[in-house]
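This is coords19.pdb. It holds PDB, N, CA and C atoms.
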```
ATOM      1  N   MET Y  20       5.623  13.102  21.059
ATOM      2  CA  MET Y  20       5.574  11.674  21.237
ATOM      3  C   MET Y  20       5.028  11.044  19.963
ATOM      4  N   GLY Y  21       5.533   9.871  19.619
ATOM      5  CA  GLY Y  21       5.150   9.197  18.389
ATOM      6  C   GLY Y  21       3.987   8.248  18.569
ATOM      7  N   VAL Y  22       4.102   7.075  17.995
ATOM      8  CA  VAL Y  22       3.042   6.072  18.053
ATOM      9  C   VAL Y  22       3.336   5.115  19.207
ATOM     10  N   ASN Y  23       2.493   5.132  20.218
ATOM     11  CA  ASN Y  23       2.616   4.191  21.325
ATOM     12  C   ASN Y  23       1.854   2.923  20.987
ATOM     13  N   VAL Y  24       2.301   1.815  21.546
ATOM     14  CA  VAL Y  24       1.646   0.530  21.316
ATOM     15  C   VAL Y  24       1.165   0.010  22.663
ATOM     16  N   GLU Y  25      -0.134  -0.261  22.749
ATOM     17  CA  GLU Y  25      -0.725  -0.739  23.993
ATOM     18  C   GLU Y  25      -1.359  -2.100  23.765
ATOM     19  N   LEU Y  26      -1.080  -3.028  24.662
ATOM     20  CA  LEU Y  26      -1.776  -4.303  24.682
ATOM     21  C   LEU Y  26      -2.926  -4.141  25.663
ATOM     22  N   ARG Y  27      -4.143  -4.286  25.153
ATOM     23  CA  ARG Y  27      -5.323  -4.093  26.004
ATOM     24  C   ARG Y  27      -6.142  -5.370  26.072
ATOM     25  N   GLN Y  28      -6.666  -5.595  27.262
ATOM     26  CA  GLN Y  28      -7.597  -6.699  27.457
ATOM     27  C   GLN Y  28      -9.001  -6.118  27.429
ATOM     28  N   HIS Y  29      -9.826  -6.691  26.583
ATOM     29  CA  HIS Y  29     -11.201  -6.219  26.433
ATOM     30  C   HIS Y  29     -12.131  -7.087  27.259
ATOM     31  N   GLY Y  30     -12.973  -6.438  28.044
ATOM     32  CA  GLY Y  30     -13.938  -7.153  28.864
ATOM     33  C   GLY Y  30     -15.147  -7.561  28.045
ATOM     34  N   PRO Y  31     -16.117  -8.193  28.705
ATOM     35  CA  PRO Y  31     -17.329  -8.608  27.990
ATOM     36  C   PRO Y  31     -18.115  -7.404  27.493
ATOM     37  N   ARG Y  32     -18.816  -7.601  26.409
ATOM     38  CA  ARG Y  32     -19.593  -6.517  25.804
ATOM     39  C   ARG Y  32     -20.842  -6.251  26.646
ATOM     40  N   PRO Y  33     -20.978  -5.013  27.148
ATOM     41  CA  PRO Y  33     -22.175  -4.679  27.931
ATOM     42  C   PRO Y  33     -23.382  -4.465  27.012
ATOM     43  N   ARG Y  34     -24.537  -4.385  27.610
ATOM     44  CA  ARG Y  34     -25.754  -4.151  26.812
ATOM     45  C   ARG Y  34     -25.704  -2.798  26.114
ATOM     46  N   LYS Y  35     -25.118  -1.823  26.774
ATOM     47  CA  LYS Y  35     -24.987  -0.484  26.194
ATOM     48  C   LYS Y  35     -23.539  -0.045  26.290
ATOM     49  N   GLY Y  36     -23.110   0.703  25.299
ATOM     50  CA  GLY Y  36     -21.771   1.270  25.339
ATOM     51  C   GLY Y  36     -20.684   0.317  24.882
ATOM     52  N   ARG Y  37     -19.486   0.701  25.177
ATOM     53  CA  ARG Y  37     -18.305  -0.058  24.764
ATOM     54  C   ARG Y  37     -17.854  -0.976  25.893
ATOM     55  N   PRO Y  38     -17.169  -2.050  25.527
ATOM     56  CA  PRO Y  38     -16.629  -2.915  26.582
ATOM     57  C   PRO Y  38     -15.492  -2.212  27.324
ATOM     58  N   LYS Y  39     -15.326  -2.560  28.596
ATOM     59  CA  LYS Y  39     -14.219  -2.001  29.365
ATOM     60  C   LYS Y  39     -12.919  -2.591  28.858
ATOM     61  N   THR Y  40     -11.908  -1.743  28.796
ATOM     62  CA  THR Y  40     -10.582  -2.223  28.398
ATOM     63  C   THR Y  40      -9.577  -1.873  29.482
ATOM     64  N   THR Y  41      -8.593  -2.730  29.615
ATOM     65  CA  THR Y  41      -7.519  -2.532  30.576
ATOM     66  C   THR Y  41      -6.196  -2.611  29.831
ATOM     67  N   VAL Y  42      -5.333  -1.631  30.043
ATOM     68  CA  VAL Y  42      -4.005  -1.679  29.436
ATOM     69  C   VAL Y  42      -3.173  -2.684  30.230
ATOM     70  N   VAL Y  43      -2.776  -3.757  29.560
ATOM     71  CA  VAL Y  43      -2.000  -4.825  30.185
ATOM     72  C   VAL Y  43      -0.514  -4.478  30.163
ATOM     73  N   ASP Y  44      -0.050  -3.939  29.047
ATOM     74  CA  ASP Y  44       1.361  -3.590  28.866
ATOM     75  C   ASP Y  44       1.439  -2.584  27.726
ATOM     76  N   GLU Y  45       2.529  -1.852  27.641
ATOM     77  CA  GLU Y  45       2.675  -0.871  26.570
ATOM     78  C   GLU Y  45       4.134  -0.618  26.254
ATOM     79  N   VAL Y  46       4.351  -0.108  25.062
ATOM     80  CA  VAL Y  46       5.663   0.360  24.628
ATOM     81  C   VAL Y  46       5.457   1.800  24.182
ATOM     82  N   VAL Y  47       6.187   2.710  24.810
ATOM     83  CA  VAL Y  47       6.018   4.144  24.557
ATOM     84  C   VAL Y  47       7.108   4.622  23.600
ATOM     85  N   ASP Y  48       6.690   5.341  22.584
ATOM     86  CA  ASP Y  48       7.598   5.891  21.566
ATOM     87  C   ASP Y  48       7.892   7.345  21.906
ATOM     88  N   TRP Y  49       8.752   7.562  22.900
ATOM     89  CA  TRP Y  49       9.042   8.914  23.379
ATOM     90  C   TRP Y  49       9.686   9.804  22.320
ATOM     91  N   ASP Y  50      10.517   9.234  21.483
ATOM     92  CA  ASP Y  50      11.324  10.055  20.574
ATOM     93  C   ASP Y  50      10.965   9.879  19.100
ATOM     94  N   ASP Y  51       9.759   9.459  18.808
ATOM     95  CA  ASP Y  51       9.300   9.255  17.426
ATOM     96  C   ASP Y  51      10.155   8.235  16.677
ATOM     97  N   LEU Y  52      10.722   7.281  17.389
ATOM     98  CA  LEU Y  52      11.554   6.260  16.753
ATOM     99  C   LEU Y  52      10.738   5.384  15.814
ATOM    100  N   PHE Y  53       9.575   4.965  16.280
ATOM    101  CA  PHE Y  53       8.734   4.081  15.482
ATOM    102  C   PHE Y  53       8.240   4.785  14.227
ATOM    103  N   VAL Y  54       7.878   6.038  14.360
ATOM    104  CA  VAL Y  54       7.427   6.812  13.204
ATOM    105  C   VAL Y  54       8.551   6.893  12.167
ATOM    106  N   GLY Y  55       9.778   7.096  12.629
ATOM    107  CA  GLY Y  55      10.920   7.134  11.719
ATOM    108  C   GLY Y  55      11.113   5.815  10.996
ATOM    109  N   LEU Y  56      10.954   4.713  11.720
ATOM    110  CA  LEU Y  56      11.064   3.399  11.086
ATOM    111  C   LEU Y  56       9.960   3.183  10.064
ATOM    112  N   LEU Y  57       8.747   3.574  10.417
ATOM    113  CA  LEU Y  57       7.631   3.430   9.478
ATOM    114  C   LEU Y  57       7.888   4.233   8.205
ATOM    115  N   ASN Y  58       8.448   5.421   8.359
ATOM    116  CA  ASN Y  58       8.752   6.249   7.183
ATOM    117  C   ASN Y  58       9.783   5.588   6.275
ATOM    118  N   LYS Y  59      10.683   4.796   6.841
ATOM    119  CA  LYS Y  59      11.718   4.122   6.048
ATOM    120  C   LYS Y  59      11.172   2.941   5.247
ATOM    121  N   VAL Y  60      10.170   2.226   5.790
ATOM    122  CA  VAL Y  60       9.769   0.961   5.159
ATOM    123  C   VAL Y  60       8.357   0.943   4.588
ATOM    124  N   CYS Y  61       7.505   1.802   5.054
ATOM    125  CA  CYS Y  61       6.096   1.702   4.657
ATOM    126  C   CYS Y  61       5.836   2.253   3.268
ATOM    127  N   ASN Y  62       4.703   1.828   2.738
ATOM    128  CA  ASN Y  62       4.217   2.227   1.415
ATOM    129  C   ASN Y  62       5.152   1.796   0.290
ATOM    130  N   ARG Y  63       5.830   0.706   0.508
ATOM    131  CA  ARG Y  63       6.673   0.125  -0.533
ATOM    132  C   ARG Y  63       6.153  -1.256  -0.940
ATOM    133  N   GLY Y  64       5.006  -1.651  -0.371
ATOM    134  CA  GLY Y  64       4.374  -2.910  -0.734
ATOM    135  C   GLY Y  64       4.850  -4.133   0.028
ATOM    136  N   ARG Y  65       5.838  -3.971   0.912
ATOM    137  CA  ARG Y  65       6.370  -5.128   1.631
ATOM    138  C   ARG Y  65       5.758  -5.299   3.015
ATOM    139  N   THR Y  66       5.098  -4.264   3.523
ATOM    140  CA  THR Y  66       4.542  -4.311   4.879
ATOM    141  C   THR Y  66       3.113  -3.759   4.892
ATOM    142  N   PRO Y  67       2.163  -4.475   4.297
ATOM    143  CA  PRO Y  67       0.807  -3.932   4.201
ATOM    144  C   PRO Y  67       0.134  -3.660   5.544
ATOM    145  N   LEU Y  68       0.426  -4.473   6.553
ATOM    146  CA  LEU Y  68      -0.187  -4.215   7.856
ATOM    147  C   LEU Y  68       0.435  -2.976   8.502
ATOM    148  N   PHE Y  69       1.745  -2.867   8.473
ATOM    149  CA  PHE Y  69       2.403  -1.682   9.031
ATOM    150  C   PHE Y  69       2.033  -0.423   8.250
ATOM    151  N   ASP Y  70       1.720  -0.566   6.967
ATOM    152  CA  ASP Y  70       1.290   0.579   6.158
ATOM    153  C   ASP Y  70      -0.004   1.196   6.682
ATOM    154  N   ARG Y  71      -0.793   0.425   7.395
ATOM    155  CA  ARG Y  71      -2.076   0.915   7.924
ATOM    156  C   ARG Y  71      -1.910   1.796   9.164
ATOM    157  N   ILE Y  72      -0.737   1.790   9.772
ATOM    158  CA  ILE Y  72      -0.517   2.565  11.000
ATOM    159  C   ILE Y  72      -0.388   4.034  10.655
ATOM    160  N   ASP Y  73      -1.215   4.850  11.302
ATOM    161  CA  ASP Y  73      -1.247   6.294  11.080
ATOM    162  C   ASP Y  73      -0.595   6.991  12.273
ATOM    163  N   PRO Y  74       0.479   7.754  12.063
ATOM    164  CA  PRO Y  74       1.136   8.437  13.186
ATOM    165  C   PRO Y  74       0.241   9.421  13.930
ATOM    166  N   TYR Y  75      -0.871   9.813  13.318
ATOM    167  CA  TYR Y  75      -1.761  10.792  13.947
ATOM    168  C   TYR Y  75      -3.104  10.202  14.346
ATOM    169  N   GLY Y  76      -3.305   8.917  14.094
ATOM    170  CA  GLY Y  76      -4.573   8.279  14.412
ATOM    171  C   GLY Y  76      -4.341   7.014  15.219
ATOM    172  N   ASP Y  77      -5.412   6.257  15.373
ATOM    173  CA  ASP Y  77      -5.356   5.021  16.133
ATOM    174  C   ASP Y  77      -5.692   3.840  15.240
ATOM    175  N   LEU Y  78      -5.101   2.707  15.547
ATOM    176  CA  LEU Y  78      -5.373   1.468  14.832
ATOM    177  C   LEU Y  78      -5.441   0.353  15.858
ATOM    178  N   VAL Y  79      -6.477  -0.477  15.772
ATOM    179  CA  VAL Y  79      -6.639  -1.605  16.679
ATOM    180  C   VAL Y  79      -6.530  -2.886  15.869
ATOM    181  N   LEU Y  80      -5.643  -3.781  16.318
ATOM    182  CA  LEU Y  80      -5.456  -5.064  15.648
ATOM    183  C   LEU Y  80      -5.870  -6.190  16.582
ATOM    184  N   SER Y  81      -6.504  -7.181  16.009
ATOM    185  CA  SER Y  81      -6.947  -8.338  16.784
ATOM    186  C   SER Y  81      -5.829  -9.361  16.893
ATOM    187  N   GLY Y  82      -6.032 -10.336  17.744
ATOM    188  CA  GLY Y  82      -5.064 -11.411  17.896
ATOM    189  C   GLY Y  82      -4.845 -12.178  16.606
ATOM    190  N   ALA Y  83      -5.874 -12.270  15.779
ATOM    191  CA  ALA Y  83      -5.766 -12.982  14.505
ATOM    192  C   ALA Y  83      -4.810 -12.290  13.541
ATOM    193  N   GLU Y  84      -4.602 -10.994  13.703
ATOM    194  CA  GLU Y  84      -3.715 -10.235  12.813
ATOM    195  C   GLU Y  84      -2.252 -10.273  13.253
ATOM    196  N   MET Y  85      -1.993 -10.894  14.395
ATOM    197  CA  MET Y  85      -0.623 -10.918  14.916
ATOM    198  C   MET Y  85       0.313 -11.768  14.060
ATOM    199  N   THR Y  86      -0.196 -12.802  13.409
ATOM    200  CA  THR Y  86       0.641 -13.626  12.544
ATOM    201  C   THR Y  86       1.239 -12.775  11.435
ATOM    202  N   GLN Y  87       0.410 -11.925  10.825
ATOM    203  CA  GLN Y  87       0.896 -11.059   9.760
ATOM    204  C   GLN Y  87       1.861 -10.008  10.312
ATOM    205  N   LEU Y  88       1.527  -9.424  11.460
ATOM    206  CA  LEU Y  88       2.411  -8.417  12.051
ATOM    207  C   LEU Y  88       3.780  -9.027  12.341
ATOM    208  N   LEU Y  89       3.797 -10.206  12.934
ATOM    209  CA  LEU Y  89       5.071 -10.858  13.257
ATOM    210  C   LEU Y  89       5.844 -11.248  11.998
ATOM    211  N   ALA Y  90       5.134 -11.564  10.920
ATOM    212  CA  ALA Y  90       5.803 -11.893   9.657
ATOM    213  C   ALA Y  90       6.437 -10.662   9.016
ATOM    214  N   GLU Y  91       5.818  -9.495   9.185
ATOM    215  CA  GLU Y  91       6.339  -8.260   8.604
ATOM    216  C   GLU Y  91       7.396  -7.590   9.482
ATOM    217  N   LEU Y  92       7.446  -7.953  10.744
ATOM    218  CA  LEU Y  92       8.347  -7.298  11.689
ATOM    219  C   LEU Y  92       9.822  -7.363  11.287
ATOM    220  N   PRO Y  93      10.332  -8.479  10.753
ATOM    221  CA  PRO Y  93      11.748  -8.486  10.332
ATOM    222  C   PRO Y  93      12.076  -7.443   9.259
ATOM    223  N   THR Y  94      11.126  -7.130   8.396
ATOM    224  CA  THR Y  94      11.351  -6.104   7.374
ATOM    225  C   THR Y  94      11.538  -4.743   8.035
ATOM    226  N   VAL Y  95      10.711  -4.460   9.043
ATOM    227  CA  VAL Y  95      10.838  -3.198   9.773
ATOM    228  C   VAL Y  95      12.128  -3.210  10.586
ATOM    229  N   ALA Y  96      12.437  -4.341  11.213
ATOM    230  CA  ALA Y  96      13.640  -4.447  12.049
ATOM    231  C   ALA Y  96      14.913  -4.256  11.228
ATOM    232  N   ALA Y  97      14.883  -4.640   9.951
ATOM    233  CA  ALA Y  97      16.062  -4.470   9.092
ATOM    234  C   ALA Y  97      16.409  -2.995   8.913
ATOM    235  N   ALA Y  98      15.429  -2.109   9.064
ATOM    236  CA  ALA Y  98      15.664  -0.669   8.917
ATOM    237  C   ALA Y  98      16.134  -0.026  10.220
ATOM    238  N   ALA Y  99      16.066  -0.773  11.326
ATOM    239  CA  ALA Y  99      16.463  -0.226  12.631
ATOM    240  C   ALA Y  99      17.975  -0.134  12.713
ATOM    241  N   GLY Y 100      18.462   1.048  13.039
ATOM    242  CA  GLY Y 100      19.899   1.245  13.123
ATOM    243  C   GLY Y 100      20.399   1.406  14.542
ATOM    244  N   SER Y 101      19.587   2.006  15.393
ATOM    245  CA  SER Y 101      20.036   2.285  16.763
ATOM    246  C   SER Y 101      19.533   1.222  17.734
ATOM    247  N   GLU Y 102      20.172   1.155  18.877
ATOM    248  CA  GLU Y 102      19.735   0.231  19.928
ATOM    249  C   GLU Y 102      18.343   0.599  20.427
ATOM    250  N   ALA Y 103      18.044   1.891  20.491
ATOM    251  CA  ALA Y 103      16.730   2.333  20.948
ATOM    252  C   ALA Y 103      15.633   1.843  20.005
ATOM    253  N   GLU Y 104      15.882   1.896  18.695
ATOM    254  CA  GLU Y 104      14.904   1.392  17.724
ATOM    255  C   GLU Y 104      14.729  -0.116  17.876
ATOM    256  N   LYS Y 105      15.835  -0.825  18.053
ATOM    257  CA  LYS Y 105      15.776  -2.276  18.222
ATOM    258  C   LYS Y 105      15.043  -2.644  19.509
ATOM    259  N   ASP Y 106      15.259  -1.884  20.576
ATOM    260  CA  ASP Y 106      14.558  -2.128  21.843
ATOM    261  C   ASP Y 106      13.061  -1.904  21.697
ATOM    262  N   PHE Y 107      12.689  -0.837  20.974
ATOM    263  CA  PHE Y 107      11.265  -0.571  20.752
ATOM    264  C   PHE Y 107      10.627  -1.741  20.001
ATOM    265  N   LEU Y 108      11.276  -2.217  18.949
ATOM    266  CA  LEU Y 108      10.730  -3.325  18.163
ATOM    267  C   LEU Y 108      10.689  -4.623  18.957
ATOM    268  N   ALA Y 109      11.647  -4.820  19.848
ATOM    269  CA  ALA Y 109      11.607  -6.001  20.720
ATOM    270  C   ALA Y 109      10.394  -5.927  21.645
ATOM    271  N   GLY Y 110      10.097  -4.737  22.138
ATOM    272  CA  GLY Y 110       8.902  -4.552  22.961
ATOM    273  C   GLY Y 110       7.630  -4.788  22.166
ATOM    274  N   LEU Y 111       7.599  -4.303  20.936
ATOM    275  CA  LEU Y 111       6.443  -4.524  20.061
ATOM    276  C   LEU Y 111       6.247  -6.012  19.805
ATOM    277  N   GLU Y 112       7.335  -6.718  19.551
ATOM    278  CA  GLU Y 112       7.232  -8.161  19.314
ATOM    279  C   GLU Y 112       6.697  -8.883  20.555
ATOM    280  N   ARG Y 113       7.159  -8.478  21.730
ATOM    281  CA  ARG Y 113       6.681  -9.079  22.984
ATOM    282  C   ARG Y 113       5.170  -8.888  23.131
ATOM    283  N   LEU Y 114       4.698  -7.662  22.868
ATOM    284  CA  LEU Y 114       3.258  -7.386  22.966
ATOM    285  C   LEU Y 114       2.473  -8.176  21.935
ATOM    286  N   ALA Y 115       3.002  -8.270  20.724
ATOM    287  CA  ALA Y 115       2.311  -9.013  19.656
ATOM    288  C   ALA Y 115       2.192 -10.490  20.018
ATOM    289  N   ARG Y 116       3.226 -11.050  20.601
ATOM    290  CA  ARG Y 116       3.179 -12.464  20.995
ATOM    291  C   ARG Y 116       2.184 -12.688  22.130
ATOM    292  N   GLN Y 117       2.119 -11.759  23.062
ATOM    293  CA  GLN Y 117       1.131 -11.855  24.137
ATOM    294  C   GLN Y 117      -0.285 -11.754  23.579
ATOM    295  N   CYS Y 118      -0.473 -10.860  22.632
ATOM    296  CA  CYS Y 118      -1.788 -10.689  22.003
ATOM    297  C   CYS Y 118      -2.187 -11.951  21.247
ATOM    298  N   ALA Y 119      -1.240 -12.540  20.518
ATOM    299  CA  ALA Y 119      -1.517 -13.758  19.765
ATOM    300  C   ALA Y 119      -1.853 -14.924  20.684
ATOM    301  N   ALA Y 120      -1.283 -14.929  21.882
ATOM    302  CA  ALA Y 120      -1.540 -16.004  22.837
ATOM    303  C   ALA Y 120      -2.911 -15.892  23.488
ATOM    304  N   ASN Y 121      -3.517 -14.704  23.428
ATOM    305  CA  ASN Y 121      -4.837 -14.458  24.034
ATOM    306  C   ASN Y 121      -5.759 -13.776  23.025
ATOM    307  N   PRO Y 122      -6.024 -14.415  21.879
ATOM    308  CA  PRO Y 122      -6.732 -13.722  20.800
ATOM    309  C   PRO Y 122      -8.196 -13.394  21.095
ATOM    310  N   SER Y 123      -8.805 -14.069  22.042
ATOM    311  CA  SER Y 123     -10.234 -13.838  22.261
ATOM    312  C   SER Y 123     -10.533 -12.520  22.967
ATOM    313  N   ASP Y 124      -9.607 -12.052  23.809
ATOM    314  CA  ASP Y 124      -9.917 -10.833  24.553
ATOM    315  C   ASP Y 124      -8.805  -9.783  24.558
ATOM    316  N   HIS Y 125      -7.719 -10.012  23.836
ATOM    317  CA  HIS Y 125      -6.642  -9.023  23.778
ATOM    318  C   HIS Y 125      -6.589  -8.383  22.403
ATOM    319  N   ARG Y 126      -6.242  -7.112  22.384
ATOM    320  CA  ARG Y 126      -6.072  -6.357  21.139
ATOM    321  C   ARG Y 126      -4.808  -5.517  21.263
ATOM    322  N   LEU Y 127      -4.176  -5.263  20.133
ATOM    323  CA  LEU Y 127      -3.009  -4.389  20.092
ATOM    324  C   LEU Y 127      -3.464  -3.041  19.535
ATOM    325  N   HIS Y 128      -3.270  -2.002  20.318
ATOM    326  CA  HIS Y 128      -3.686  -0.645  19.944
ATOM    327  C   HIS Y 128      -2.459   0.180  19.602
ATOM    328  N   PHE Y 129      -2.441   0.726  18.394
ATOM    329  CA  PHE Y 129      -1.413   1.687  17.992
ATOM    330  C   PHE Y 129      -2.038   3.067  18.158
ATOM    331  N   VAL Y 130      -1.471   3.844  19.056
ATOM    332  CA  VAL Y 130      -2.076   5.130  19.433
ATOM    333  C   VAL Y 130      -1.162   6.253  18.946
ATOM    334  N   GLY Y 131      -1.620   6.983  17.928
ATOM    335  CA  GLY Y 131      -0.858   8.095  17.388
ATOM    336  C   GLY Y 131      -1.086   9.376  18.168
ATOM    337  N   ASP Y 132      -0.359  10.415  17.764
ATOM    338  CA  ASP Y 132      -0.469  11.727  18.447
ATOM    339  C   ASP Y 132      -1.838  12.317  18.323
TER
END
```
Rewrite the coordinates I just gave you, this time as structure tokens.
Amino acid sequence: MGVNVELRQHGPRPRKGRPKTTVVDEVVDWDDLFVGLLNKVCNRGRTPLFDRIDPYGDLVLSGAEMTQLLAELPTVAAAAGSEAEKDFLAGLERLARQCAANPSDHRLHFVGD
């Protein structure tokens, strides 16, 4: 499995420990489609936010970062050749827009293998 994208709602910060998070929605990369797209476009200087995504690690983006993600998304989408890749990116865009609409308590989590 490749890099899954989860939209999570973060609860209030407790006195101790981490805040509770709830997965609101997700896009699952069953066939490493997203990783393949990242390999085609990343590290060329055109997608600095997407360049930060690690296929083997995790990355959390805030609602404030969604403007940049949405601006870079057409560059990644231009590399998509199959319907499955386009569907994955459409799901990512949907999650990013939801995150941007709720910036105070939503985060976009990229979860690698």
Open item on the list: One number please: CA of His125 (chain Y) to CA of Arg27 (chain Y), in Å, one decimal.
Closed with: 5.6 Å
Open item on the list: As an exercise, work out the distance from CA of Val79 (chain Y) to CA of Phe107 (chain Y) in Å and give it to one decimal place.
Closed with: 18.4 Å
Can you list, as an mmCIF file with N, CA and C atoms, in the coordinates of the input, every protein, DNA or RNA residue that comes within 12 Å of Glu45 (chain Y) when you count only C-alpha atoms, leaving out same-chain residues fewer than 5 positions away?
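Saved as result_2.cif:
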```cif
data_model
loop_
_atom_site.group_PDB
_atom_site.id
_atom_site.type_symbol
_atom_site.label_atom_id
_atom_site.label_comp_id
_atom_site.auth_asym_id
_atom_site.auth_seq_id
_atom_site.Cartn_x
_atom_site.Cartn_y
_atom_site.Cartn_z
ATOM 1 N N VAL Y 22 4.102 7.075 17.995
ATOM 2 C CA VAL Y 22 3.042 6.072 18.053
ATOM 3 C C VAL Y 22 3.336 5.115 19.207
ATOM 4 N N ASN Y 23 2.493 5.132 20.218
ATOM 5 C CA ASN Y 23 2.616 4.191 21.325
ATOM 6 C C ASN Y 23 1.854 2.923 20.987
ATOM 7 N N VAL Y 24 2.301 1.815 21.546
ATOM 8 C CA VAL Y 24 1.646 0.530 21.316
ATOM 9 C C VAL Y 24 1.165 0.010 22.663
ATOM 10 N N GLU Y 25 -0.134 -0.261 22.749
ATOM 11 C CA GLU Y 25 -0.725 -0.739 23.993
ATOM 12 C C GLU Y 25 -1.359 -2.100 23.765
ATOM 13 N N LEU Y 26 -1.080 -3.028 24.662
ATOM 14 C CA LEU Y 26 -1.776 -4.303 24.682
ATOM 15 C C LEU Y 26 -2.926 -4.141 25.663
ATOM 16 N N ARG Y 27 -4.143 -4.286 25.153
ATOM 17 C CA ARG Y 27 -5.323 -4.093 26.004
ATOM 18 C C ARG Y 27 -6.142 -5.370 26.072
ATOM 19 N N GLN Y 28 -6.666 -5.595 27.262
ATOM 20 C CA GLN Y 28 -7.597 -6.699 27.457
ATOM 21 C C GLN Y 28 -9.001 -6.118 27.429
ATOM 22 N N PHE Y 107 12.689 -0.837 20.974
ATOM 23 C CA PHE Y 107 11.265 -0.571 20.752
ATOM 24 C C PHE Y 107 10.627 -1.741 20.001
ATOM 25 N N LEU Y 108 11.276 -2.217 18.949
ATOM 26 C CA LEU Y 108 10.730 -3.325 18.163
ATOM 27 C C LEU Y 108 10.689 -4.623 18.957
ATOM 28 N N ALA Y 109 11.647 -4.820 19.848
ATOM 29 C CA ALA Y 109 11.607 -6.001 20.720
ATOM 30 C C ALA Y 109 10.394 -5.927 21.645
ATOM 31 N N GLY Y 110 10.097 -4.737 22.138
ATOM 32 C CA GLY Y 110 8.902 -4.552 22.961
ATOM 33 C C GLY Y 110 7.630 -4.788 22.166
ATOM 34 N N LEU Y 111 7.599 -4.303 20.936
ATOM 35 C CA LEU Y 111 6.443 -4.524 20.061
ATOM 36 C C LEU Y 111 6.247 -6.012 19.805
ATOM 37 N N GLU Y 112 7.335 -6.718 19.551
ATOM 38 C CA GLU Y 112 7.232 -8.161 19.314
ATOM 39 C C GLU Y 112 6.697 -8.883 20.555
ATOM 40 N N ARG Y 113 7.159 -8.478 21.730
ATOM 41 C CA ARG Y 113 6.681 -9.079 22.984
ATOM 42 C C ARG Y 113 5.170 -8.888 23.131
ATOM 43 N N LEU Y 114 4.698 -7.662 22.868
ATOM 44 C CA LEU Y 114 3.258 -7.386 22.966
ATOM 45 C C LEU Y 114 2.473 -8.176 21.935
ATOM 46 N N ALA Y 115 3.002 -8.270 20.724
ATOM 47 C CA ALA Y 115 2.311 -9.013 19.656
ATOM 48 C C ALA Y 115 2.192 -10.490 20.018
ATOM 49 N N GLN Y 117 2.119 -11.759 23.062
ATOM 50 C CA GLN Y 117 1.131 -11.855 24.137
ATOM 51 C C GLN Y 117 -0.285 -11.754 23.579
ATOM 52 N N CYS Y 118 -0.473 -10.860 22.632
ATOM 53 C CA CYS Y 118 -1.788 -10.689 22.003
ATOM 54 C C CYS Y 118 -2.187 -11.951 21.247
ATOM 55 N N ARG Y 126 -6.242 -7.112 22.384
ATOM 56 C CA ARG Y 126 -6.072 -6.357 21.139
ATOM 57 C C ARG Y 126 -4.808 -5.517 21.263
ATOM 58 N N LEU Y 127 -4.176 -5.263 20.133
ATOM 59 C CA LEU Y 127 -3.009 -4.389 20.092
ATOM 60 C C LEU Y 127 -3.464 -3.041 19.535
ATOM 61 N N HIS Y 128 -3.270 -2.002 20.318
ATOM 62 C CA HIS Y 128 -3.686 -0.645 19.944
ATOM 63 C C HIS Y 128 -2.459 0.180 19.602
ATOM 64 N N PHE Y 129 -2.441 0.726 18.394
ATOM 65 C CA PHE Y 129 -1.413 1.687 17.992
ATOM 66 C C PHE Y 129 -2.038 3.067 18.158
ATOM 67 N N VAL Y 130 -1.471 3.844 19.056
ATOM 68 C CA VAL Y 130 -2.076 5.130 19.433
ATOM 69 C C VAL Y 130 -1.162 6.253 18.946
#
```
Open item on the list: Could you check the closest approach to Pro31 (chain Y) for each of Y:Pro67, Y:Asp124, Y:Ala119, Y:Gly76 and tell me which residue wins, using all atoms listed in the file?
Closed with: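 Once distances to Pro31 (chain Y) are computed over all atoms listed in the file, the minimum belongs to Y:Asp124.
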- [ ] Using DSSP on the backbone coordinates, identify all residues within chain Y classified as alpha helix (DSSP H); present the result as a VMD selection string.
- [x] chain Y and resid 52 to 60 67 to 70 85 to 97 102 to 120
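Of note, atom N of Thr94 (chain Y) and CA of Asp70 (chain Y) are spaced 12.7 Å apart.
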For region 93-98 of chain Y, take all atoms listed in the file, fit an axis-aligned box around them, add 8 Å to each of the six sides, then output centre and edge lengths in Å rounded to one decimal, as lines of an AutoDock Vina configuration file.
```
center_x = 13.4
center_y = -4.3
center_z = 9.7
size_x = 22.1
size_y = 24.5
size_z = 20.7
```
With all atoms listed in the file as the counted atoms, please give the residues lying no more than 8 Å from Ala96 (chain Y), apart from itself and same-chain residues fewer than 6 positions off, as a PDB file with N, CA and C atoms, in the coordinates of the input.
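So part-v4.pdb came out as:
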```pdb
ATOM      1  N   LEU Y  56      10.954   4.713  11.720  1.00  0.00           N
ATOM      2  CA  LEU Y  56      11.064   3.399  11.086  1.00  0.00           C
ATOM      3  C   LEU Y  56       9.960   3.183  10.064  1.00  0.00           C
ATOM      4  N   GLU Y 104      15.882   1.896  18.695  1.00  0.00           N
ATOM      5  CA  GLU Y 104      14.904   1.392  17.724  1.00  0.00           C
ATOM      6  C   GLU Y 104      14.729  -0.116  17.876  1.00  0.00           C
ATOM      7  N   LYS Y 105      15.835  -0.825  18.053  1.00  0.00           N
ATOM      8  CA  LYS Y 105      15.776  -2.276  18.222  1.00  0.00           C
ATOM      9  C   LYS Y 105      15.043  -2.644  19.509  1.00  0.00           C
ATOM     10  N   LEU Y 108      11.276  -2.217  18.949  1.00  0.00           N
ATOM     11  CA  LEU Y 108      10.730  -3.325  18.163  1.00  0.00           C
ATOM     12  C   LEU Y 108      10.689  -4.623  18.957  1.00  0.00           C
TER      13      LEU Y 108
END
```
- [ ] Starting from the shown file, work through the PyMOL selection byres (((chain Y and resi 85 and name CA) around 9) and name CA) and note down what comes out as a list of chain:residue names.
- [x]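 That expression, the PyMOL selection byres (((chain Y and resi 85 and name CA) around 9) and name CA), corresponds here to Y:Leu80, Y:Ser81, Y:Gly82, Y:Ala83, Y:Glu84, Y:Thr86, Y:Gln87, Y:Leu88, Y:Leu89, Y:Ala90, Y:Ala115, Y:Arg116, Y:Cys118, Y:Ala119, Y:Pro122, Y:Leu127.
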- [ ] Expand the PyMOL selection byres (((chain Y and resi 39 and name CA) around 6) and name CA) into the individual residues it matches in the shown file, reporting them as a PyMOL selection string.
- [x] chain Y and resi 29-30+38+40
